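Student: My structure is stored as target-v3.cif, with mmCIF, C-alpha atoms.
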```
data_protein
loop_
_atom_site.label_atom_id
_atom_site.label_comp_id
_atom_site.auth_asym_id
_atom_site.auth_seq_id
_atom_site.Cartn_x
_atom_site.Cartn_y
_atom_site.Cartn_z
CA MET A 136 -13.43 17.69 -6.92
CA THR A 137 -15.52 15.72 -9.42
CA VAL A 138 -14.86 12.12 -10.45
CA HIS A 139 -14.91 11.50 -14.21
CA HIS A 140 -14.02 7.77 -14.08
CA SER A 141 -11.23 8.11 -16.64
CA PHE A 142 -9.63 4.82 -15.70
CA ARG A 143 -9.55 1.30 -17.03
CA GLU A 144 -9.69 -1.81 -14.89
CA VAL A 145 -6.52 -3.90 -14.96
CA GLU A 146 -5.09 -6.93 -13.22
CA CYS A 147 -1.55 -7.25 -11.93
CA LYS A 148 -0.18 -10.71 -11.16
CA LEU A 149 1.95 -11.07 -8.04
CA ILE A 150 4.92 -13.41 -7.71
CA ASP A 151 2.67 -16.23 -6.44
CA GLY A 152 0.08 -15.72 -9.17
CA THR A 153 -2.45 -13.79 -7.06
CA ALA A 154 -4.35 -11.27 -9.18
CA ILE A 155 -4.49 -7.68 -7.93
CA SER A 156 -7.42 -5.62 -9.21
CA ALA A 157 -6.71 -1.98 -9.93
CA TRP A 158 -7.95 1.16 -11.61
CA LEU A 159 -5.32 2.52 -14.00
CA TYR A 160 -5.53 6.20 -14.89
CA GLU A 161 -3.20 6.80 -17.84
CA VAL A 162 -1.70 9.90 -19.41
CA PRO A 163 0.39 10.23 -22.57
CA GLY A 164 3.85 9.14 -21.59
CA PRO A 165 6.31 8.24 -20.55
CA ALA A 166 5.14 10.20 -17.47
CA PRO A 167 5.41 9.90 -13.68
CA ALA A 168 3.18 7.40 -11.88
CA ILE A 169 1.63 7.29 -8.41
CA ILE A 170 0.79 3.94 -6.81
CA MET A 171 -1.97 4.45 -4.23
CA SER A 172 -2.39 2.13 -1.22
CA HIS A 173 -5.63 2.50 0.77
CA GLY A 174 -6.40 2.15 4.47
CA PHE A 175 -7.30 -0.82 6.65
CA ASN A 176 -9.60 -3.28 4.84
CA CYS A 177 -10.66 -0.53 2.41
CA VAL A 178 -11.58 -1.02 -1.24
CA LYS A 179 -10.74 1.43 -3.99
CA GLU A 180 -14.37 2.56 -4.26
CA MET A 181 -14.15 4.13 -0.79
CA ALA A 182 -13.26 7.82 -0.27
CA LEU A 183 -10.19 8.15 -2.52
CA PRO A 184 -11.37 8.03 -6.18
CA GLU A 185 -11.53 11.83 -6.27
CA VAL A 186 -7.93 12.05 -5.11
CA ALA A 187 -6.81 9.61 -7.82
CA GLU A 188 -8.75 11.56 -10.42
CA HIS A 189 -7.18 14.83 -9.32
CA TYR A 190 -3.64 13.45 -9.58
CA HIS A 191 -4.53 12.15 -13.04
CA SER A 192 -5.72 15.60 -14.10
CA LEU A 193 -2.31 16.98 -13.10
CA GLY A 194 -0.48 14.68 -15.52
CA TYR A 195 0.24 11.59 -13.43
CA ASN A 196 -0.45 7.98 -14.24
CA VAL A 197 -2.26 6.56 -11.21
CA PHE A 198 -2.47 2.91 -10.18
CA PHE A 199 -5.09 2.54 -7.43
CA TYR A 200 -5.56 -1.02 -6.24
CA ASP A 201 -7.31 -3.40 -3.86
CA PRO A 202 -4.72 -5.28 -1.80
CA ARG A 203 -4.51 -9.05 -1.67
CA SER A 204 -7.71 -10.74 -0.33
CA VAL A 205 -9.65 -7.44 -0.32
CA GLY A 206 -12.33 -6.20 -2.71
CA ALA A 207 -11.93 -7.39 -6.29
CA SER A 208 -8.39 -8.74 -5.77
CA GLY A 209 -7.63 -12.43 -5.38
CA GLY A 210 -6.21 -14.16 -2.36
CA LYS A 211 -7.48 -16.33 0.48
CA PRO A 212 -8.48 -16.28 3.23
CA ARG A 213 -10.58 -13.27 2.35
CA ASN A 214 -9.91 -9.99 4.14
CA HIS A 215 -6.76 -11.24 5.79
CA ILE A 216 -4.82 -8.03 6.39
CA ASP A 217 -1.14 -8.95 6.49
CA PRO A 218 1.00 -5.79 6.30
CA PHE A 219 4.21 -7.76 5.77
CA GLN A 220 2.73 -9.59 2.78
CA PHE A 221 1.16 -6.39 1.48
CA ALA A 222 4.57 -4.67 1.56
CA GLU A 223 6.11 -7.51 -0.46
CA ASP A 224 3.18 -7.41 -2.87
CA LEU A 225 3.72 -3.70 -3.40
CA SER A 226 7.16 -4.42 -4.85
CA ASP A 227 5.52 -6.67 -7.46
CA ILE A 228 2.94 -3.98 -8.18
CA TYR A 229 5.77 -1.49 -8.61
CA THR A 230 7.43 -3.78 -11.16
CA TYR A 231 4.14 -4.09 -13.08
CA VAL A 232 3.64 -0.32 -13.15
CA SER A 233 7.26 0.30 -14.19
CA ARG A 234 6.69 -1.75 -17.35
CA LEU A 235 3.60 0.16 -18.52
CA PRO A 236 4.21 2.10 -21.78
CA SER A 237 2.76 5.30 -20.33
CA VAL A 238 5.06 5.25 -17.29
CA ASP A 239 8.54 6.69 -16.83
CA SER A 240 10.04 3.91 -14.71
CA SER A 241 12.45 6.33 -13.04
CA GLN A 242 9.60 8.50 -11.73
CA ILE A 243 7.32 6.27 -9.68
CA ILE A 244 5.95 7.48 -6.35
CA LEU A 245 4.52 5.29 -3.61
CA TRP A 246 1.51 6.92 -1.89
CA GLY A 247 -0.37 5.48 1.06
CA LEU A 248 -3.08 6.47 3.53
CA SER A 249 -3.38 5.23 7.12
CA VAL A 250 -2.41 1.54 7.19
CA GLY A 251 -1.63 1.89 3.48
CA ALA A 252 0.91 4.57 4.41
CA VAL A 253 2.89 2.25 6.68
CA VAL A 254 2.63 -0.60 4.17
CA THR A 255 4.11 1.82 1.64
CA ALA A 256 6.87 2.79 4.05
CA SER A 257 7.65 -0.85 4.83
CA CYS A 258 7.95 -1.60 1.14
CA ALA A 259 10.23 1.39 0.54
CA ALA A 260 12.41 0.41 3.51
CA VAL A 261 13.64 -2.61 1.53
CA ASP A 262 12.77 -1.74 -2.07
CA HIS A 263 14.72 1.42 -2.87
CA ARG A 264 13.41 1.94 -6.40
CA PRO A 265 10.67 4.53 -5.65
CA LYS A 266 11.48 8.12 -6.52
CA ALA A 267 9.53 9.37 -3.50
CA VAL A 268 7.18 8.21 -0.76
CA VAL A 269 4.02 9.98 0.42
CA MET A 270 2.57 8.94 3.79
CA VAL A 271 -0.83 10.40 4.68
CA CYS A 272 -2.01 10.00 8.30
CA PRO A 273 0.13 6.88 8.87
CA LEU A 274 -0.93 4.53 11.66
CA PHE A 275 1.93 3.21 13.80
CA THR A 276 0.31 1.62 16.88
CA PHE A 277 -1.83 -1.49 16.55
CA ASP A 278 -2.48 -2.59 20.11
CA LEU A 279 -3.25 -1.40 23.61
CA PRO A 280 -1.50 -3.18 26.50
CA HIS A 281 -4.72 -4.00 28.35
CA LYS A 282 -6.14 -5.69 25.25
CA ARG A 283 -3.20 -7.98 24.51
CA ASP A 284 -3.75 -11.01 26.76
CA THR A 285 -7.39 -11.51 25.78
CA ALA A 286 -6.70 -10.86 22.10
CA PHE A 287 -3.69 -13.17 21.97
CA ALA A 288 -5.66 -15.98 23.61
CA GLN A 289 -8.40 -15.57 20.98
CA ILE A 290 -5.83 -15.58 18.19
CA ILE A 291 -4.22 -18.82 19.36
CA ARG A 292 -7.59 -20.54 19.84
CA ASP A 293 -8.37 -19.62 16.25
CA ARG A 294 -5.10 -21.14 15.03
CA VAL A 295 -5.85 -24.35 16.92
CA SER A 296 -9.33 -24.39 15.40
CA GLN A 297 -7.94 -23.98 11.89
CA LEU A 298 -5.57 -26.90 12.46
CA ARG A 299 -8.68 -28.98 13.12
CA GLY A 300 -9.96 -28.05 9.67
CA ASN A 301 -12.23 -25.16 10.58
CA PRO A 302 -12.35 -21.93 8.55
CA PRO A 303 -10.58 -18.82 9.88
CA HIS A 304 -12.64 -16.90 12.40
CA GLU A 305 -13.76 -13.45 11.23
CA VAL A 306 -14.47 -10.29 13.20
CA ALA A 307 -15.75 -6.81 12.41
CA PRO A 308 -12.91 -4.24 12.29
CA PHE A 309 -14.83 -2.13 14.82
CA ASN A 310 -18.00 -2.81 16.79
CA ALA A 311 -20.75 -0.30 17.56
CA ARG A 312 -18.83 0.80 20.67
CA GLY A 313 -15.89 1.73 18.46
CA GLU A 314 -13.81 -1.10 19.88
CA ASN A 315 -11.28 -3.26 18.09
CA VAL A 316 -9.78 -6.65 18.95
CA LEU A 317 -6.28 -5.34 19.71
CA GLY A 318 -7.18 -1.75 20.47
CA MET A 319 -5.85 -0.13 17.28
CA ALA A 320 -6.95 3.12 15.67
CA GLY A 321 -8.44 4.91 18.67
CA SER A 322 -10.35 1.85 19.85
CA GLY A 323 -13.00 2.63 22.46
CA GLY A 324 -12.66 6.39 22.04
CA PRO A 325 -13.71 9.04 19.53
CA GLY A 326 -11.29 7.63 16.94
CA GLY A 327 -12.80 4.17 17.24
CA HIS A 328 -16.30 5.57 16.81
CA GLU A 329 -15.08 7.51 13.76
CA SER A 330 -13.65 4.30 12.30
CA TYR A 331 -16.85 2.38 12.98
CA ALA A 332 -18.95 5.09 11.30
CA PHE A 333 -16.68 5.06 8.24
CA MET A 334 -16.92 1.27 7.86
CA LYS A 335 -20.68 1.33 8.46
CA LEU A 336 -21.14 3.99 5.79
CA ALA A 337 -19.21 1.88 3.27
CA LYS A 338 -21.34 -1.15 4.16
CA ASP A 339 -24.62 0.80 3.98
CA LYS A 340 -23.69 2.37 0.64
CA GLY A 341 -22.71 -1.01 -0.76
CA ALA A 342 -19.16 -0.15 -1.80
CA ALA A 343 -18.29 -2.80 -4.38
CA GLY A 344 -16.41 -5.71 -2.84
CA PHE A 345 -16.36 -4.24 0.66
CA ARG A 346 -16.79 -6.68 3.56
CA ASP A 347 -17.09 -5.35 7.10
CA LYS A 348 -15.05 -8.32 8.31
CA THR A 349 -11.40 -9.29 8.64
CA THR A 350 -9.82 -12.54 9.75
CA LEU A 351 -9.02 -12.70 13.43
CA ALA A 352 -5.57 -13.85 12.29
CA THR A 353 -5.10 -10.32 10.89
CA TYR A 354 -4.34 -9.25 14.45
CA HIS A 355 -1.68 -11.92 14.82
CA ARG A 356 0.21 -10.22 11.99
CA LEU A 357 -0.46 -6.73 13.34
CA ALA A 358 0.87 -7.73 16.78
CA TYR A 359 4.29 -8.21 15.18
CA PHE A 360 4.13 -5.16 12.92
CA LYS A 361 6.33 -2.25 14.09
CA PRO A 362 6.52 0.09 11.08
CA ALA A 363 8.04 3.00 12.99
CA GLU A 364 11.20 0.92 13.22
CA TYR A 365 11.44 0.58 9.44
CA VAL A 366 11.15 4.21 8.32
CA GLU A 367 14.81 4.97 8.95
CA MET A 368 15.67 2.41 6.25
CA ILE A 369 13.88 4.39 3.53
CA LYS A 370 16.28 5.98 1.03
CA SER A 371 13.78 8.03 -1.02
CA PRO A 372 12.50 11.45 0.07
CA VAL A 373 9.39 11.14 2.22
CA LEU A 374 6.48 13.53 2.64
CA MET A 375 4.44 12.78 5.75
CA VAL A 376 1.05 14.51 6.01
CA ILE A 377 -0.12 14.67 9.63
CA PRO A 378 -3.73 15.72 10.30
CA GLU A 379 -3.72 18.14 13.22
CA LEU A 380 -6.92 16.67 14.71
CA ASP A 381 -6.25 12.98 14.06
CA LEU A 382 -8.10 10.86 16.66
CA ILE A 383 -7.18 7.52 15.05
CA SER A 384 -3.40 7.89 14.76
CA LYS A 385 -1.97 10.24 17.36
CA PRO A 386 -0.24 13.21 15.67
CA GLU A 387 2.63 13.01 18.15
CA GLU A 388 3.27 9.38 17.18
CA GLN A 389 3.29 10.33 13.51
CA LYS A 390 5.76 13.16 14.18
CA ALA A 391 7.98 10.89 16.28
CA ALA A 392 8.13 8.42 13.40
CA PHE A 393 8.92 11.21 10.93
CA ASP A 394 11.83 12.30 13.13
CA ARG A 395 13.36 8.83 12.58
CA ILE A 396 13.42 9.25 8.81
CA LYS A 397 16.93 9.85 7.49
CA ALA A 398 16.25 10.23 3.77
CA PRO A 399 17.47 13.62 2.45
CA GLY A 400 14.74 15.92 1.20
CA SER A 401 12.05 14.50 3.49
CA LYS A 402 9.37 16.89 4.72
CA VAL A 403 6.45 16.94 7.12
CA HIS A 404 3.21 18.82 6.53
CA VAL A 405 0.64 19.36 9.27
CA ALA A 406 -2.88 19.54 7.83
CA LEU A 407 -4.43 22.14 10.11
CA GLY A 408 -7.98 21.49 11.23
CA LYS A 409 -8.08 18.06 9.55
CA GLY A 410 -8.79 14.64 10.97
CA HIS A 411 -7.87 11.12 9.90
CA MET A 412 -11.02 10.62 7.86
CA SER A 413 -11.36 14.17 6.54
CA VAL A 414 -7.80 14.87 5.35
CA ALA A 415 -8.35 13.23 1.95
CA THR A 416 -12.03 13.93 1.24
CA GLY A 417 -13.91 16.84 -0.33
CA GLU A 418 -12.09 20.16 -0.40
CA SER A 419 -9.54 18.75 2.01
CA GLY A 420 -8.68 16.21 -0.65
CA ALA A 421 -7.97 19.01 -3.10
CA GLU A 422 -5.67 20.67 -0.55
CA LEU A 423 -3.90 17.35 0.04
CA VAL A 424 -3.29 16.87 -3.67
CA LYS A 425 -1.91 20.40 -3.97
CA VAL A 426 0.56 19.88 -1.12
CA THR A 427 1.70 16.45 -2.28
CA ASP A 428 1.93 17.48 -5.94
CA SER A 429 4.26 20.35 -4.98
CA PHE A 430 6.51 17.95 -3.06
CA ILE A 431 6.54 15.36 -5.85
CA ARG A 432 7.41 17.92 -8.52
CA GLN A 433 10.33 19.19 -6.44
CA VAL A 434 11.64 15.63 -6.11
CA LEU A 435 11.19 14.89 -9.83
CA LYS A 436 13.31 17.91 -10.75
CA LYS A 437 16.35 16.41 -9.02
#
```
Show how you would write the structure in this file as structure tokens.
Tutor:
Amino acid sequence: MTVHHSFREVECKLIDGTAISAWLYEVPGPAPAIIMSHGFNCVKEMALPEVAEHYHSLGYNVFFYDPRSVGASGGKPRNHIDPFQFAEDLSDIYTYVSRLPSVDSSQIILWGLSVGAVVTASCAAVDHRPKAVVMVCPLFTFDLPHKRDTAFAQIIRDRVSQLRGNPPHEVAPFNARGENVLGMAGSGGPGGHESYAFMKLAKDKGAAGFRDKTTLATYHRLAYFKPAEYVEMIKSPVLMVIPELDLISKPEEQKAAFDRIKAPGSKVHVALGKGHMSVATGESGAELVKVTDSFIRQVLKK
């Protein structure tokens, strides 16, 4: 796939006035729209522009955004990843997209990758407006039991420090050993090393607005976040794409979560030979778009 940069930069204001920065790919409308939510601490310049461009070439409006406090979007503290807040924000983004002249407001699809996939699901669990939901390599587990006590003690010390007037403490999402504060995303194993390499590449390439830091308080929010419990509340048809070789989000955990989905018309697709980081890039990205486009078109016919 080749990126042609056929988007314009727009801002969407959330209910509290925070400005969300996005790339809007438009087609003559009214036409269906896809709202794309990226992975953990990722900016829109990383990995997925080709996917957005491909959907656009197939006749979709695409709204691809940086979440609150990340990249070019507003919000403080910076790089505070709060999946509950992000899910609420996504409802405001949906409302903004539904009012665009090029968009058919009855044909809006929520699409998310990794952490963005479970943010998307959490939004759709309460907000039943979306026509369909696409979850690509969703991540459902955010801690390891042996990491909890140390991590929780760090988190509370940081809260006490902030009450004294100090700024929020920041940490790298993954260190060079592939480890993470709470043990999420394959921490300490091949998946953690894969995550570290992905973040390092973004940093080395200078992806616009990318910071290889998150607030430590991010992990306070993630400790409470149990998205697998929310999927059964989704009313719209769901397509879950599970990479067969995912080392960051265990395929069996993804399948177990899919089995909890009750929405009629939901489907699962196993991406054979693909991993968490490869399922949406290069030729694999083209295959992903083909599979998801077929599902979306079936839903739109109903």
Student: Please provide as a list in words all residues within 10 Å of Tyr190 in chain A, with the sequence filter that same-chain residues fewer than 3 positions apart are discarded (counting all atoms listed in the file).
Tutor: Tyr160, Ala168, Ile169, Glu185, Val186, Ala187, Leu193, Gly194, Tyr195, Asn196, Val197, Ala421, Val424, Lys425, Thr427 and Asp428 of chain A
Student: Pull out every residue that the PyMOL selection byres ((chain A and resi 370) around 7) matches in the shown coordinates and put them as a ChimeraX atom specification.
Tutor: /A:263,368-369,371-372,398
Student: With a distance cut-off of 10 Å and all atoms listed in the file, select the neighbouring residues of Pro303 in chain A, excluding the residue or stretch itself and same-chain residues fewer than 2 positions from it, and output the selection as a PyMOL selection string.
Tutor: chain A and resi 212-213+215+293-294+296-298+300-301+305-306+349-352
Student: Deliver the residues from the most recent selection as a file, using C-alpha atoms, as a compact mmCIF listing (two decimals), in the frame of the given file.
Tutor:
```txt
# COMPACT_ATOMS: atom_id res chain seq x y z
CA PRO A 212 -8.48 -16.28 3.23
CA ARG A 213 -10.58 -13.27 2.35
CA HIS A 215 -6.76 -11.24 5.79
CA ASP A 293 -8.37 -19.62 16.25
CA ARG A 294 -5.10 -21.14 15.03
CA SER A 296 -9.33 -24.39 15.40
CA GLN A 297 -7.94 -23.98 11.89
CA LEU A 298 -5.57 -26.90 12.46
CA GLY A 300 -9.96 -28.05 9.67
CA ASN A 301 -12.23 -25.16 10.58
CA GLU A 305 -13.76 -13.45 11.23
CA VAL A 306 -14.47 -10.29 13.20
CA THR A 349 -11.40 -9.29 8.64
CA THR A 350 -9.82 -12.54 9.75
CA LEU A 351 -9.02 -12.70 13.43
CA ALA A 352 -5.57 -13.85 12.29
```
Student: Which value, in Å to one decimal, gives the distance between CA of Ala286 in chain A and CA of Glu314 in chain A?
Tutor: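 Here the two named atoms are 12.3 Å from each other.
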Student: Quick one: everything within 12 Å of Phe219 in chain A, counting only C-alpha atoms, minus sequence neighbours fewer than 5 positions away in the same chain. Send it as a PyMOL selection string.
Tutor: chain A and resi 202-203+224-226+250-251+253-258+260-261+353+355-362+365
Student: Evaluate the PyMOL selection byres ((chain A and resi 252) around 12) on the structure here and hand back the selected residues as a JSON list (two decimals) with C-alpha atoms, in the frame of the given file.
Tutor:
```json
[["chain", "number", "residue", "atom", "x", "y", "z"],
["A", 170, "ILE", "CA", 0.79, 3.94, -6.81],
["A", 171, "MET", "CA", -1.97, 4.45, -4.23],
["A", 172, "SER", "CA", -2.39, 2.13, -1.22],
["A", 173, "HIS", "CA", -5.63, 2.50, 0.77],
["A", 174, "GLY", "CA", -6.40, 2.15, 4.47],
["A", 175, "PHE", "CA", -7.30, -0.82, 6.65],
["A", 218, "PRO", "CA", 1.00, -5.79, 6.30],
["A", 221, "PHE", "CA", 1.16, -6.39, 1.48],
["A", 222, "ALA", "CA", 4.57, -4.67, 1.56],
["A", 225, "LEU", "CA", 3.72, -3.70, -3.40],
["A", 245, "LEU", "CA", 4.52, 5.29, -3.61],
["A", 246, "TRP", "CA", 1.51, 6.92, -1.89],
["A", 247, "GLY", "CA", -0.37, 5.48, 1.06],
["A", 248, "LEU", "CA", -3.08, 6.47, 3.53],
["A", 249, "SER", "CA", -3.38, 5.23, 7.12],
["A", 250, "VAL", "CA", -2.41, 1.54, 7.19],
["A", 251, "GLY", "CA", -1.63, 1.89, 3.48],
["A", 253, "VAL", "CA", 2.89, 2.25, 6.68],
["A", 254, "VAL", "CA", 2.63, -0.60, 4.17],
["A", 255, "THR", "CA", 4.11, 1.82, 1.64],
["A", 256, "ALA", "CA", 6.87, 2.79, 4.05],
["A", 257, "SER", "CA", 7.65, -0.85, 4.83],
["A", 258, "CYS", "CA", 7.95, -1.60, 1.14],
["A", 259, "ALA", "CA", 10.23, 1.39, 0.54],
["A", 268, "VAL", "CA", 7.18, 8.21, -0.76],
["A", 269, "VAL", "CA", 4.02, 9.98, 0.42],
["A", 270, "MET", "CA", 2.57, 8.94, 3.79],
["A", 271, "VAL", "CA", -0.83, 10.40, 4.68],
["A", 272, "CYS", "CA", -2.01, 10.00, 8.30],
["A", 273, "PRO", "CA", 0.13, 6.88, 8.87],
["A", 274, "LEU", "CA", -0.93, 4.53, 11.66],
["A", 275, "PHE", "CA", 1.93, 3.21, 13.80],
["A", 362, "PRO", "CA", 6.52, 0.09, 11.08],
["A", 363, "ALA", "CA", 8.04, 3.00, 12.99],
["A", 366, "VAL", "CA", 11.15, 4.21, 8.32],
["A", 373, "VAL", "CA", 9.39, 11.14, 2.22],
["A", 374, "LEU", "CA", 6.48, 13.53, 2.64],
["A", 375, "MET", "CA", 4.44, 12.78, 5.75],
["A", 376, "VAL", "CA", 1.05, 14.51, 6.01],
["A", 377, "ILE", "CA", -0.12, 14.67, 9.63],
["A", 384, "SER", "CA", -3.40, 7.89, 14.76],
["A", 389, "GLN", "CA", 3.29, 10.33, 13.51]]
```
Student: Between A:Pro167, A:Asn315, A:Ala182, A:Gln242, which has the minimum distance to Ser419 in chain A (counting only C-alpha atoms)?
Tutor: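 Ranked by minimum distance to Ser419 in chain A, first place goes to A:Ala182.
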Student: Could you check which of A:Ser204, A:Thr276, A:Thr153, A:Ser241 is closest to Val434 in chain A, using only C-alpha atoms?
Tutor: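 Of A:Ser204, A:Thr276, A:Thr153, A:Ser241, the one nearest Val434 in chain A, counting only C-alpha atoms, is A:Ser241.
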Student: Please identify all polymer residues within 10 Å of Tyr200 in chain A, counting all atoms listed in the file, omitting same-chain residues fewer than 6 positions from it, and present them as a list in words.
Tutor: Glu144, Val145, Glu146, Cys147, Ile155, Ser156, Ala157, Trp158, Leu159, Ile170, Met171, Ser172, His173, Val178, Lys179, Glu180, Gly206, Ala207, Ser208 and Ile228 of chain A
Student: Those same residues - C-alpha atoms - I'd like them written as a PDB file, keeping the file's coordinate frame.
Tutor:
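Once written, result05.pdb looks like this:
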```
ATOM      1  CA  GLU A 144      -9.690  -1.810 -14.890  1.00  0.00           C
ATOM      2  CA  VAL A 145      -6.520  -3.900 -14.960  1.00  0.00           C
ATOM      3  CA  GLU A 146      -5.090  -6.930 -13.220  1.00  0.00           C
ATOM      4  CA  CYS A 147      -1.550  -7.250 -11.930  1.00  0.00           C
ATOM      5  CA  ILE A 155      -4.490  -7.680  -7.930  1.00  0.00           C
ATOM      6  CA  SER A 156      -7.420  -5.620  -9.210  1.00  0.00           C
ATOM      7  CA  ALA A 157      -6.710  -1.980  -9.930  1.00  0.00           C
ATOM      8  CA  TRP A 158      -7.950   1.160 -11.610  1.00  0.00           C
ATOM      9  CA  LEU A 159      -5.320   2.520 -14.000  1.00  0.00           C
ATOM     10  CA  ILE A 170       0.790   3.940  -6.810  1.00  0.00           C
ATOM     11  CA  MET A 171      -1.970   4.450  -4.230  1.00  0.00           C
ATOM     12  CA  SER A 172      -2.390   2.130  -1.220  1.00  0.00           C
ATOM     13  CA  HIS A 173      -5.630   2.500   0.770  1.00  0.00           C
ATOM     14  CA  VAL A 178     -11.580  -1.020  -1.240  1.00  0.00           C
ATOM     15  CA  LYS A 179     -10.740   1.430  -3.990  1.00  0.00           C
ATOM     16  CA  GLU A 180     -14.370   2.560  -4.260  1.00  0.00           C
ATOM     17  CA  GLY A 206     -12.330  -6.200  -2.710  1.00  0.00           C
ATOM     18  CA  ALA A 207     -11.930  -7.390  -6.290  1.00  0.00           C
ATOM     19  CA  SER A 208      -8.390  -8.740  -5.770  1.00  0.00           C
ATOM     20  CA  ILE A 228       2.940  -3.980  -8.180  1.00  0.00           C
TER      21      ILE A 228
END
```
Student: Restricting the calculation to all atoms listed in the file: of A:Gly420, A:Ala267, A:Glu388, A:Lys340, which residue gets closest to Lys437 in chain A?
Tutor: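 Answer, going by the shortest atom-to-atom distance: A:Ala267.
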Student: Give me, please, the distance in Å between CA of Ser240 in chain A and CA of Asp262 in chain A, quoted to one decimal.
Tutor: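 Straight-line distance from CA of Ser240 in chain A to CA of Asp262 in chain A works out to 14.1 Å.
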Student: Could you give me, as a VMD selection string, the residues within 8 Å of Lys335 in chain A, counting all atoms listed in the file and dropping anything in the same chain fewer than 4 positions from it?
Tutor: chain A and resid 331 339 347
Student: Could you tell me which of A:Glu329, A:Asp381, A:Asp201, A:Glu161 comes closest to Val405 in chain A if we count all atoms listed in the file?
Tutor: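 Nearest to Val405 in chain A: A:Asp381.
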Student: Using only C-alpha atoms, which of A:Glu364, A:Asp278, A:Asp151, A:Glu422 sits nearest Arg395 in chain A?
Tutor: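 So, comparing all the options, the nearest one is A:Glu364.
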Student: Carefully work through the PyMOL selection byres ((chain A and resi 236) around 10) for this structure and note down the residues it includes, as a ChimeraX atom specification.
Tutor: /A:161,163-166,232-235,237-240
Student: Quick check, in Å to one decimal: how far apart do CA of Ser401 in chain A and CA of Phe430 in chain A lie?
Tutor: 9.2 Å
